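Containing PDB, N, CA and C atoms: entry11.pdb.
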ATOM      1  N   VAL A   1       6.769 -13.650  -8.569
ATOM      2  CA  VAL A   1       5.562 -13.668  -9.376
ATOM      3  C   VAL A   1       4.947 -15.064  -9.297
ATOM      4  N   GLY A   2       3.639 -15.109  -9.040
ATOM      5  CA  GLY A   2       2.950 -16.378  -8.914
ATOM      6  C   GLY A   2       2.888 -16.904  -7.490
ATOM      7  N   THR A   3       3.609 -16.272  -6.574
ATOM      8  CA  THR A   3       3.610 -16.704  -5.180
ATOM      9  C   THR A   3       2.244 -16.464  -4.549
ATOM     10  N   VAL A   4       1.767 -17.465  -3.830
ATOM     11  CA  VAL A   4       0.491 -17.327  -3.130
ATOM     12  C   VAL A   4       0.716 -16.493  -1.875
ATOM     13  N   VAL A   5      -0.071 -15.435  -1.721
ATOM     14  CA  VAL A   5       0.023 -14.553  -0.567
ATOM     15  C   VAL A   5      -0.954 -15.000   0.517
ATOM     16  N   MET A   6      -2.179 -15.289   0.120
ATOM     17  CA  MET A   6      -3.203 -15.744   1.054
ATOM     18  C   MET A   6      -4.400 -16.266   0.278
ATOM     19  N   SER A   7      -5.277 -16.930   1.008
ATOM     20  CA  SER A   7      -6.542 -17.386   0.433
ATOM     21  C   SER A   7      -7.682 -16.794   1.237
ATOM     22  N   ILE A   8      -8.645 -16.267   0.522
ATOM     23  CA  ILE A   8      -9.851 -15.706   1.118
ATOM     24  C   ILE A   8     -10.946 -16.757   0.982
ATOM     25  N   ILE A   9     -11.668 -17.019   2.070
ATOM     26  CA  ILE A   9     -12.704 -18.052   2.028
ATOM     27  C   ILE A   9     -14.026 -17.474   2.521
ATOM     28  N   ALA A  10     -15.039 -17.596   1.710
ATOM     29  CA  ALA A  10     -16.402 -17.226   2.094
ATOM     30  C   ALA A  10     -17.281 -18.462   1.911
ATOM     31  N   THR A  11     -18.379 -18.508   2.640
ATOM     32  CA  THR A  11     -19.312 -19.629   2.500
ATOM     33  C   THR A  11     -20.695 -19.080   2.195
ATOM     34  N   ASP A  12     -21.501 -19.906   1.567
ATOM     35  CA  ASP A  12     -22.883 -19.543   1.245
ATOM     36  C   ASP A  12     -23.726 -20.792   1.454
ATOM     37  N   ALA A  13     -24.724 -20.704   2.304
ATOM     38  CA  ALA A  13     -25.547 -21.860   2.659
ATOM     39  C   ALA A  13     -26.544 -22.250   1.576
ATOM     40  N   ASP A  14     -26.688 -21.435   0.534
ATOM     41  CA  ASP A  14     -27.628 -21.754  -0.543
ATOM     42  C   ASP A  14     -27.136 -22.938  -1.366
ATOM     43  N   LYS A  15     -28.041 -23.542  -2.107
ATOM     44  CA  LYS A  15     -27.731 -24.684  -2.971
ATOM     45  C   LYS A  15     -27.663 -24.233  -4.434
ATOM     46  N   GLY A  16     -27.024 -25.051  -5.259
ATOM     47  CA  GLY A  16     -26.949 -24.778  -6.698
ATOM     48  C   GLY A  16     -26.173 -23.503  -6.992
ATOM     49  N   LYS A  17     -26.578 -22.800  -8.067
ATOM     50  CA  LYS A  17     -25.886 -21.572  -8.469
ATOM     51  C   LYS A  17     -25.894 -20.523  -7.370
ATOM     52  N   ASN A  18     -26.938 -20.518  -6.566
ATOM     53  CA  ASN A  18     -27.033 -19.529  -5.488
ATOM     54  C   ASN A  18     -25.934 -19.715  -4.444
ATOM     55  N   GLY A  19     -25.333 -20.893  -4.397
ATOM     56  CA  GLY A  19     -24.290 -21.170  -3.425
ATOM     57  C   GLY A  19     -22.886 -21.171  -4.000
ATOM     58  N   ILE A  20     -22.754 -20.963  -5.314
ATOM     59  CA  ILE A  20     -21.429 -20.915  -5.952
ATOM     60  C   ILE A  20     -20.857 -19.515  -5.771
ATOM     61  N   ILE A  21     -19.651 -19.440  -5.217
ATOM     62  CA  ILE A  21     -19.038 -18.147  -4.900
ATOM     63  C   ILE A  21     -17.868 -17.865  -5.831
ATOM     64  N   THR A  22     -17.802 -16.618  -6.309
ATOM     65  CA  THR A  22     -16.642 -16.136  -7.060
ATOM     66  C   THR A  22     -16.035 -14.958  -6.296
ATOM     67  N   TYR A  23     -14.750 -14.732  -6.537
ATOM     68  CA  TYR A  23     -14.017 -13.686  -5.827
ATOM     69  C   TYR A  23     -13.387 -12.731  -6.826
ATOM     70  N   ARG A  24     -13.302 -11.454  -6.417
ATOM     71  CA  ARG A  24     -12.602 -10.470  -7.243
ATOM     72  C   ARG A  24     -12.085  -9.346  -6.356
ATOM     73  N   ILE A  25     -11.026  -8.698  -6.840
ATOM     74  CA  ILE A  25     -10.460  -7.550  -6.141
ATOM     75  C   ILE A  25     -11.238  -6.320  -6.575
ATOM     76  N   VAL A  26     -11.722  -5.569  -5.599
ATOM     77  CA  VAL A  26     -12.432  -4.316  -5.864
ATOM     78  C   VAL A  26     -11.810  -3.219  -5.009
ATOM     79  N   ASN A  27     -12.034  -1.990  -5.383
ATOM     80  CA  ASN A  27     -11.606  -0.852  -4.564
ATOM     81  C   ASN A  27     -10.118  -0.914  -4.224
ATOM     82  N   GLY A  28      -9.291  -1.048  -5.256
ATOM     83  CA  GLY A  28      -7.851  -1.079  -5.018
ATOM     84  C   GLY A  28      -7.084  -1.104  -6.323
ATOM     85  N   SER A  29      -6.978   0.051  -6.989
ATOM     86  CA  SER A  29      -6.280   0.075  -8.275
ATOM     87  C   SER A  29      -4.811  -0.317  -8.134
ATOM     88  N   LEU A  30      -4.181   0.077  -7.029
ATOM     89  CA  LEU A  30      -2.791  -0.313  -6.788
ATOM     90  C   LEU A  30      -2.690  -1.822  -6.616
ATOM     91  N   ALA A  31      -3.672  -2.406  -5.973
ATOM     92  CA  ALA A  31      -3.662  -3.849  -5.726
ATOM     93  C   ALA A  31      -3.644  -4.640  -7.027
ATOM     94  N   THR A  32      -4.440  -4.227  -7.994
ATOM     95  CA  THR A  32      -4.497  -4.987  -9.243
ATOM     96  C   THR A  32      -3.236  -4.807 -10.087
ATOM     97  N   ASP A  33      -2.395  -3.835  -9.731
ATOM     98  CA  ASP A  33      -1.092  -3.706 -10.388
ATOM     99  C   ASP A  33      -0.148  -4.819  -9.930
ATOM    100  N   PHE A  34      -0.303  -5.267  -8.667
ATOM    101  CA  PHE A  34       0.654  -6.193  -8.074
ATOM    102  C   PHE A  34       0.087  -7.559  -7.693
ATOM    103  N   PHE A  35      -1.217  -7.643  -7.509
ATOM    104  CA  PHE A  35      -1.823  -8.880  -7.036
ATOM    105  C   PHE A  35      -2.988  -9.288  -7.926
ATOM    106  N   ALA A  36      -3.277 -10.580  -7.920
ATOM    107  CA  ALA A  36      -4.395 -11.100  -8.713
ATOM    108  C   ALA A  36      -5.032 -12.256  -7.961
ATOM    109  N   ILE A  37      -6.280 -12.511  -8.271
ATOM    110  CA  ILE A  37      -6.936 -13.719  -7.785
ATOM    111  C   ILE A  37      -6.781 -14.741  -8.890
ATOM    112  N   ARG A  38      -5.983 -15.764  -8.611
ATOM    113  CA  ARG A  38      -5.581 -16.738  -9.627
ATOM    114  C   ARG A  38      -6.782 -17.455 -10.239
ATOM    115  N   ASP A  39      -7.687 -17.910  -9.404
ATOM    116  CA  ASP A  39      -8.879 -18.631  -9.858
ATOM    117  C   ASP A  39     -10.071 -17.983  -9.168
ATOM    118  N   LYS A  40     -10.983 -17.415  -9.923
ATOM    119  CA  LYS A  40     -12.082 -16.653  -9.325
ATOM    120  C   LYS A  40     -12.966 -17.500  -8.410
ATOM    121  N   TYR A  41     -12.892 -18.824  -8.521
ATOM    122  CA  TYR A  41     -13.680 -19.698  -7.649
ATOM    123  C   TYR A  41     -12.935 -20.111  -6.380
ATOM    124  N   MET A  42     -11.633 -19.802  -6.293
ATOM    125  CA  MET A  42     -10.831 -20.260  -5.164
ATOM    126  C   MET A  42     -10.494 -19.155  -4.164
ATOM    127  N   GLY A  43     -10.412 -17.905  -4.588
ATOM    128  CA  GLY A  43     -10.075 -16.819  -3.684
ATOM    129  C   GLY A  43      -8.614 -16.763  -3.295
ATOM    130  N   THR A  44      -7.743 -17.372  -4.094
ATOM    131  CA  THR A  44      -6.310 -17.376  -3.811
ATOM    132  C   THR A  44      -5.669 -16.126  -4.413
ATOM    133  N   ILE A  45      -5.062 -15.319  -3.550
ATOM    134  CA  ILE A  45      -4.410 -14.084  -3.992
ATOM    135  C   ILE A  45      -2.939 -14.376  -4.240
ATOM    136  N   THR A  46      -2.469 -14.028  -5.437
ATOM    137  CA  THR A  46      -1.083 -14.270  -5.820
ATOM    138  C   THR A  46      -0.411 -12.971  -6.249
ATOM    139  N   VAL A  47       0.917 -12.998  -6.246
ATOM    140  CA  VAL A  47       1.709 -11.868  -6.722
ATOM    141  C   VAL A  47       1.725 -11.924  -8.245
ATOM    142  N   SER A  48       1.339 -10.818  -8.890
ATOM    143  CA  SER A  48       1.357 -10.788 -10.352
ATOM    144  C   SER A  48       2.522  -9.966 -10.900
ATOM    145  N   ARG A  49       3.132  -9.164 -10.024
ATOM    146  CA  ARG A  49       4.278  -8.343 -10.417
ATOM    147  C   ARG A  49       5.058  -8.010  -9.148
ATOM    148  N   PRO A  50       6.383  -7.969  -9.202
ATOM    149  CA  PRO A  50       7.159  -7.654  -7.996
ATOM    150  C   PRO A  50       6.769  -6.298  -7.400
ATOM    151  N   VAL A  51       6.739  -6.243  -6.074
ATOM    152  CA  VAL A  51       6.427  -5.012  -5.342
ATOM    153  C   VAL A  51       7.672  -4.606  -4.563
ATOM    154  N   ASP A  52       8.069  -3.362  -4.671
ATOM    155  CA  ASP A  52       9.263  -2.865  -3.987
ATOM    156  C   ASP A  52       8.860  -2.191  -2.679
ATOM    157  N   HIS A  53       9.424  -2.676  -1.571
ATOM    158  CA  HIS A  53       9.135  -2.126  -0.245
ATOM    159  C   HIS A  53       9.474  -0.641  -0.159
ATOM    160  N   GLU A  54      10.507  -0.204  -0.865
ATOM    161  CA  GLU A  54      10.891   1.210  -0.823
ATOM    162  C   GLU A  54       9.824   2.103  -1.445
ATOM    163  N   GLN A  55       8.969   1.542  -2.270
ATOM    164  CA  GLN A  55       7.893   2.321  -2.895
ATOM    165  C   GLN A  55       6.551   2.120  -2.195
ATOM    166  N   HIS A  56       6.283   0.905  -1.721
ATOM    167  CA  HIS A  56       4.996   0.585  -1.102
ATOM    168  C   HIS A  56       5.228  -0.328   0.098
ATOM    169  N   GLN A  57       4.891   0.155   1.284
ATOM    170  CA  GLN A  57       5.057  -0.671   2.474
ATOM    171  C   GLN A  57       3.799  -1.515   2.748
ATOM    172  N   TRP A  58       2.673  -1.020   2.337
ATOM    173  CA  TRP A  58       1.394  -1.734   2.495
ATOM    174  C   TRP A  58       0.591  -1.580   1.216
ATOM    175  N   VAL A  59      -0.168  -2.609   0.879
ATOM    176  CA  VAL A  59      -1.143  -2.521  -0.207
ATOM    177  C   VAL A  59      -2.488  -2.921   0.408
ATOM    178  N   ASN A  60      -3.447  -2.008   0.324
ATOM    179  CA  ASN A  60      -4.765  -2.220   0.911
ATOM    180  C   ASN A  60      -5.819  -2.270  -0.191
ATOM    181  N   PHE A  61      -6.716  -3.216  -0.074
ATOM    182  CA  PHE A  61      -7.782  -3.341  -1.060
ATOM    183  C   PHE A  61      -8.935  -4.132  -0.461
ATOM    184  N   THR A  62      -9.949  -4.317  -1.259
ATOM    185  CA  THR A  62     -11.130  -5.063  -0.832
ATOM    186  C   THR A  62     -11.319  -6.253  -1.762
ATOM    187  N   VAL A  63     -11.643  -7.389  -1.183
ATOM    188  CA  VAL A  63     -12.028  -8.559  -1.975
ATOM    189  C   VAL A  63     -13.532  -8.736  -1.816
ATOM    190  N   GLN A  64     -14.182  -8.953  -2.932
ATOM    191  CA  GLN A  64     -15.628  -9.173  -2.928
ATOM    192  C   GLN A  64     -15.927 -10.621  -3.275
ATOM    193  N   ALA A  65     -16.778 -11.233  -2.464
ATOM    194  CA  ALA A  65     -17.299 -12.571  -2.760
ATOM    195  C   ALA A  65     -18.724 -12.380  -3.265
ATOM    196  N   ALA A  66     -19.045 -13.043  -4.356
ATOM    197  CA  ALA A  66     -20.390 -12.916  -4.936
ATOM    198  C   ALA A  66     -20.908 -14.304  -5.292
ATOM    199  N   ASP A  67     -22.185 -14.527  -5.034
ATOM    200  CA  ASP A  67     -22.762 -15.800  -5.467
ATOM    201  C   ASP A  67     -23.252 -15.652  -6.906
ATOM    202  N   GLU A  68     -23.673 -16.752  -7.505
ATOM    203  CA  GLU A  68     -24.111 -16.705  -8.899
ATOM    204  C   GLU A  68     -25.634 -16.714  -9.022
ATOM    205  N   GLY A  69     -26.306 -16.388  -7.937
ATOM    206  CA  GLY A  69     -27.762 -16.324  -7.953
ATOM    207  C   GLY A  69     -28.267 -15.037  -8.585
ATOM    208  N   ARG A  70     -29.570 -14.955  -8.750
ATOM    209  CA  ARG A  70     -30.242 -13.743  -9.245
ATOM    210  C   ARG A  70     -31.319 -13.382  -8.252
ATOM    211  N   PRO A  71     -31.235 -12.251  -7.577
ATOM    212  CA  PRO A  71     -30.171 -11.256  -7.688
ATOM    213  C   PRO A  71     -28.881 -11.748  -7.039
ATOM    214  N   VAL A  72     -27.783 -11.189  -7.506
ATOM    215  CA  VAL A  72     -26.473 -11.547  -6.962
ATOM    216  C   VAL A  72     -26.361 -11.003  -5.540
ATOM    217  N   ARG A  73     -25.878 -11.850  -4.646
ATOM    218  CA  ARG A  73     -25.607 -11.439  -3.262
ATOM    219  C   ARG A  73     -24.097 -11.354  -3.103
ATOM    220  N   THR A  74     -23.622 -10.293  -2.426
ATOM    221  CA  THR A  74     -22.181 -10.074  -2.276
ATOM    222  C   THR A  74     -21.807  -9.808  -0.817
ATOM    223  N   ALA A  75     -20.547  -9.995  -0.529
ATOM    224  CA  ALA A  75     -19.956  -9.613   0.755
ATOM    225  C   ALA A  75     -18.547  -9.112   0.458
ATOM    226  N   ASP A  76     -18.133  -8.064   1.152
ATOM    227  CA  ASP A  76     -16.810  -7.476   0.963
ATOM    228  C   ASP A  76     -15.988  -7.642   2.231
ATOM    229  N   ILE A  77     -14.676  -7.810   2.040
ATOM    230  CA  ILE A  77     -13.772  -7.885   3.188
ATOM    231  C   ILE A  77     -12.507  -7.089   2.866
ATOM    232  N   PRO A  78     -12.049  -6.251   3.815
ATOM    233  CA  PRO A  78     -10.808  -5.509   3.577
ATOM    234  C   PRO A  78      -9.594  -6.432   3.708
ATOM    235  N   VAL A  79      -8.603  -6.178   2.872
ATOM    236  CA  VAL A  79      -7.361  -6.951   2.889
ATOM    237  C   VAL A  79      -6.198  -5.961   2.949
ATOM    238  N   SER A  80      -5.254  -6.223   3.834
ATOM    239  CA  SER A  80      -4.033  -5.422   3.934
ATOM    240  C   SER A  80      -2.846  -6.369   3.820
ATOM    241  N   ILE A  81      -1.959  -6.068   2.887
ATOM    242  CA  ILE A  81      -0.760  -6.883   2.693
ATOM    243  C   ILE A  81       0.456  -6.011   2.980
ATOM    244  N   GLU A  82       1.260  -6.440   3.954
ATOM    245  CA  GLU A  82       2.490  -5.729   4.269
ATOM    246  C   GLU A  82       3.587  -6.215   3.327
ATOM    247  N   ILE A  83       4.272  -5.261   2.705
ATOM    248  CA  ILE A  83       5.362  -5.585   1.801
ATOM    249  C   ILE A  83       6.652  -5.611   2.624
ATOM    250  N   VAL A  84       7.265  -6.768   2.711
ATOM    251  CA  VAL A  84       8.465  -6.961   3.516
ATOM    252  C   VAL A  84       9.688  -6.537   2.706
ATOM    253  N   ASP A  85      10.585  -5.838   3.375
ATOM    254  CA  ASP A  85      11.803  -5.387   2.711
ATOM    255  C   ASP A  85      12.753  -6.564   2.511
ATOM    256  N   ILE A  86      13.367  -6.615   1.344
ATOM    257  CA  ILE A  86      14.404  -7.604   1.068
ATOM    258  C   ILE A  86      15.690  -6.856   0.730
ATOM    259  N   ASN A  87      16.781  -7.546   0.742
ATOM    260  CA  ASN A  87      18.068  -6.941   0.444
ATOM    261  C   ASN A  87      18.226  -6.822  -1.065
ATOM    262  N   ASP A  88      17.654  -5.747  -1.621
ATOM    263  CA  ASP A  88      17.668  -5.584  -3.078
ATOM    264  C   ASP A  88      18.453  -4.352  -3.540
ATOM    265  N   ASN A  89      19.173  -3.699  -2.628
ATOM    266  CA  ASN A  89      19.960  -2.520  -2.991
ATOM    267  C   ASN A  89      21.431  -2.746  -2.652
ATOM    268  N   ASN A  90      22.295  -2.316  -3.559
ATOM    269  CA  ASN A  90      23.741  -2.410  -3.343
ATOM    270  C   ASN A  90      24.214  -1.265  -2.460
ATOM    271  N   PRO A  91      25.290  -1.491  -1.708
ATOM    272  CA  PRO A  91      25.881  -0.366  -0.976
ATOM    273  C   PRO A  91      26.466   0.641  -1.969
ATOM    274  N   ILE A  92      26.470   1.902  -1.563
ATOM    275  CA  ILE A  92      27.083   2.929  -2.416
ATOM    276  C   ILE A  92      28.038   3.760  -1.564
ATOM    277  N   PHE A  93      29.075   4.283  -2.205
ATOM    278  CA  PHE A  93      30.021   5.175  -1.539
ATOM    279  C   PHE A  93      29.539   6.600  -1.683
ATOM    280  N   SER A  94      29.813   7.415  -0.685
ATOM    281  CA  SER A  94      29.399   8.809  -0.745
ATOM    282  C   SER A  94      30.346   9.661  -1.618
ATOM    283  N   HIS A  95      31.536   9.125  -1.877
ATOM    284  CA  HIS A  95      32.499   9.815  -2.752
ATOM    285  C   HIS A  95      32.912   8.856  -3.858
ATOM    286  N   SER A  96      33.337   9.429  -4.974
ATOM    287  CA  SER A  96      33.765   8.583  -6.089
ATOM    288  C   SER A  96      35.187   8.072  -5.897
ATOM    289  N   LYS A  97      35.945   8.725  -4.989
ATOM    290  CA  LYS A  97      37.327   8.317  -4.753
ATOM    291  C   LYS A  97      37.722   8.763  -3.339
ATOM    292  N   TYR A  98      38.489   7.905  -2.664
ATOM    293  CA  TYR A  98      39.005   8.253  -1.332
ATOM    294  C   TYR A  98      40.529   8.278  -1.392
ATOM    295  N   GLN A  99      41.130   9.304  -0.748
ATOM    296  CA  GLN A  99      42.595   9.412  -0.752
ATOM    297  C   GLN A  99      43.081   9.640   0.659
TER     298      GLN A  99
END

structure tokens encoding of this file:
Amino acid sequence: VGTVVMSIIATDADKGKNGIITYRIVNGSLATDFFAIRDKYMGTITVSRPVDHEQHQWVNFTVQAADEGRPVRTADIPVSIEIVDINDNNPIFSHSKYQ
């Protein structure tokens, strides 16, 4: 939790408020369960809750960059995060007793 996964970077050639960019996760309800944009002005995606590879191998969503101008101008980019398997399961025996 809190681990930085990636940073999304957009640019805007406008000056003042028209050039200030904010980021948010859109089109990905599963994504907001596990990931967050730590600072809406930075675009840094972090883990907000542990994700289990056995349940989700990939999490796909869209990040939207928006300027603070009027009207607001936006750009969307698809994001895919592969969930890497870790050794989080104990071995189990197929029988309760061997003789």

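Put simply, atom CA of A:Ala31 is 28.6 Å away from atom CA of A:Lys17.
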
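Between atom CA of A:Ala13 and atom CA of A:Thr74 there is a distance of 13.2 Å.
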
(request) Using atom CA of A:Ile86 and atom C of A:Asp52 as the two end points, give the distance in Å to one decimal. (result) 8.6 Å

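Shortest separation to A:Val1 among A:Val26, A:Val47, A:Ala75, A:Val59 occurs at residue A:Val47, atoms counted being all atoms listed in the file.
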
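Residue nearest A:Ser29, chosen from A:Thr62, A:Thr11, A:Thr3, A:Thr46 and counting only C-alpha atoms: A:Thr62.
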
(request) Output as a VMD selection string all residues of chain A that backbone DSSP marks as helix (DSSP H, G or I). (result) chain A and resid 16 to 19 29 to 34

(request) Have a look at A:Val84, A:Ile92, A:Leu30, A:Ile45 and name the one nearest to A:Val4; count all atoms listed in the file. (result) A:Ile45

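Distance check against A:Arg24 using all atoms listed in the file: of A:Gln64, A:Asp88, A:Pro50, A:Gln57, the minimum falls on A:Gln64.
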
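When you apply the PyMOL selection byres ((chain A and resi 81) around 6) to this structure, what comes back is Gln57, Trp58, Val59, Asn60, Val79, Ser80, Glu82 and Ile83 of chain A.
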
Prev. selection, N, CA and C atoms, output as an mmCIF file, in the frame of the given file:
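So the final result, stored in again.cif, reads:
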data_model
loop_
_atom_site.group_PDB
_atom_site.id
_atom_site.type_symbol
_atom_site.label_atom_id
_atom_site.label_comp_id
_atom_site.auth_asym_id
_atom_site.auth_seq_id
_atom_site.Cartn_x
_atom_site.Cartn_y
_atom_site.Cartn_z
ATOM 1 N N GLN A 57 4.891 0.155 1.284
ATOM 2 C CA GLN A 57 5.057 -0.671 2.474
ATOM 3 C C GLN A 57 3.799 -1.515 2.748
ATOM 4 N N TRP A 58 2.673 -1.020 2.337
ATOM 5 C CA TRP A 58 1.394 -1.734 2.495
ATOM 6 C C TRP A 58 0.591 -1.580 1.216
ATOM 7 N N VAL A 59 -0.168 -2.609 0.879
ATOM 8 C CA VAL A 59 -1.143 -2.521 -0.207
ATOM 9 C C VAL A 59 -2.488 -2.921 0.408
ATOM 10 N N ASN A 60 -3.447 -2.008 0.324
ATOM 11 C CA ASN A 60 -4.765 -2.220 0.911
ATOM 12 C C ASN A 60 -5.819 -2.270 -0.191
ATOM 13 N N VAL A 79 -8.603 -6.178 2.872
ATOM 14 C CA VAL A 79 -7.361 -6.951 2.889
ATOM 15 C C VAL A 79 -6.198 -5.961 2.949
ATOM 16 N N SER A 80 -5.254 -6.223 3.834
ATOM 17 C CA SER A 80 -4.033 -5.422 3.934
ATOM 18 C C SER A 80 -2.846 -6.369 3.820
ATOM 19 N N GLU A 82 1.260 -6.440 3.954
ATOM 20 C CA GLU A 82 2.490 -5.729 4.269
ATOM 21 C C GLU A 82 3.587 -6.215 3.327
ATOM 22 N N ILE A 83 4.272 -5.261 2.705
ATOM 23 C CA ILE A 83 5.362 -5.585 1.801
ATOM 24 C C ILE A 83 6.652 -5.611 2.624
#

Show me, as a short mmCIF file (atom, residue, chain, number, x, y, z; two decimals) with N, CA and C atoms, keeping the file's coordinate frame, the residues that have an atom within 5 Å of A:Phe61 when counting all atoms listed in the file, minus same-chain residues fewer than 5 positions from it.
data_model
loop_
_atom_site.label_atom_id
_atom_site.label_comp_id
_atom_site.auth_asym_id
_atom_site.auth_seq_id
_atom_site.Cartn_x
_atom_site.Cartn_y
_atom_site.Cartn_z
N ASN A 27 -12.03 -1.99 -5.38
CA ASN A 27 -11.61 -0.85 -4.56
C ASN A 27 -10.12 -0.91 -4.22
N GLY A 28 -9.29 -1.05 -5.26
CA GLY A 28 -7.85 -1.08 -5.02
C GLY A 28 -7.08 -1.10 -6.32
N PRO A 78 -12.05 -6.25 3.82
CA PRO A 78 -10.81 -5.51 3.58
C PRO A 78 -9.59 -6.43 3.71
N VAL A 79 -8.60 -6.18 2.87
CA VAL A 79 -7.36 -6.95 2.89
C VAL A 79 -6.20 -5.96 2.95
#

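Between A:Gly19 and the residues A:Ser94, A:Asp67, A:Ile77, A:Met6, the shortest atom-to-atom distance, using all atoms listed in the file, involves A:Asp67.
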
(request) Pick out the residues sitting within 7 Å of A:Lys40, and hand them over as a PyMOL selection string; count only N, CA and C atoms, and ignore anything fewer than 4 positions along from it in its own chain. (result) chain A and resi 21-24+44

Report as a short mmCIF file (atom, residue, chain, number, x, y, z; two decimals) with N, CA and C atoms, keeping the file's coordinate frame the residues that result from applying the PyMOL selection byres (((chain A and resi 18 and name CA) around 10) and name CA) to the structure here.
data_model
loop_
_atom_site.label_atom_id
_atom_site.label_comp_id
_atom_site.auth_asym_id
_atom_site.auth_seq_id
_atom_site.Cartn_x
_atom_site.Cartn_y
_atom_site.Cartn_z
N ASP A 12 -21.50 -19.91 1.57
CA ASP A 12 -22.88 -19.54 1.25
C ASP A 12 -23.73 -20.79 1.45
N ALA A 13 -24.72 -20.70 2.30
CA ALA A 13 -25.55 -21.86 2.66
C ALA A 13 -26.54 -22.25 1.58
N ASP A 14 -26.69 -21.44 0.53
CA ASP A 14 -27.63 -21.75 -0.54
C ASP A 14 -27.14 -22.94 -1.37
N LYS A 15 -28.04 -23.54 -2.11
CA LYS A 15 -27.73 -24.68 -2.97
C LYS A 15 -27.66 -24.23 -4.43
N GLY A 16 -27.02 -25.05 -5.26
CA GLY A 16 -26.95 -24.78 -6.70
C GLY A 16 -26.17 -23.50 -6.99
N LYS A 17 -26.58 -22.80 -8.07
CA LYS A 17 -25.89 -21.57 -8.47
C LYS A 17 -25.89 -20.52 -7.37
N GLY A 19 -25.33 -20.89 -4.40
CA GLY A 19 -24.29 -21.17 -3.42
C GLY A 19 -22.89 -21.17 -4.00
N ILE A 20 -22.75 -20.96 -5.31
CA ILE A 20 -21.43 -20.92 -5.95
C ILE A 20 -20.86 -19.52 -5.77
N ILE A 21 -19.65 -19.44 -5.22
CA ILE A 21 -19.04 -18.15 -4.90
C ILE A 21 -17.87 -17.86 -5.83
N ALA A 66 -19.05 -13.04 -4.36
CA ALA A 66 -20.39 -12.92 -4.94
C ALA A 66 -20.91 -14.30 -5.29
N ASP A 67 -22.18 -14.53 -5.03
CA ASP A 67 -22.76 -15.80 -5.47
C ASP A 67 -23.25 -15.65 -6.91
N GLU A 68 -23.67 -16.75 -7.50
CA GLU A 68 -24.11 -16.70 -8.90
C GLU A 68 -25.63 -16.71 -9.02
N GLY A 69 -26.31 -16.39 -7.94
CA GLY A 69 -27.76 -16.32 -7.95
C GLY A 69 -28.27 -15.04 -8.59
N ARG A 70 -29.57 -14.96 -8.75
CA ARG A 70 -30.24 -13.74 -9.24
C ARG A 70 -31.32 -13.38 -8.25
N PRO A 71 -31.24 -12.25 -7.58
CA PRO A 71 -30.17 -11.26 -7.69
C PRO A 71 -28.88 -11.75 -7.04
N VAL A 72 -27.78 -11.19 -7.51
CA VAL A 72 -26.47 -11.55 -6.96
C VAL A 72 -26.36 -11.00 -5.54
N ARG A 73 -25.88 -11.85 -4.65
CA ARG A 73 -25.61 -11.44 -3.26
C ARG A 73 -24.10 -11.35 -3.10
#

Write out as JSON an axis-aligned box for stretch 37-56 of chain A: all of its atoms listed in the file, 8 Å added on each side, centre and edge lengths in Å with one decimal.
{"center_x": -1.4, "center_y": -9.0, "center_z": -5.4, "size_x": 40.6, "size_y": 38.6, "size_z": 27.0}
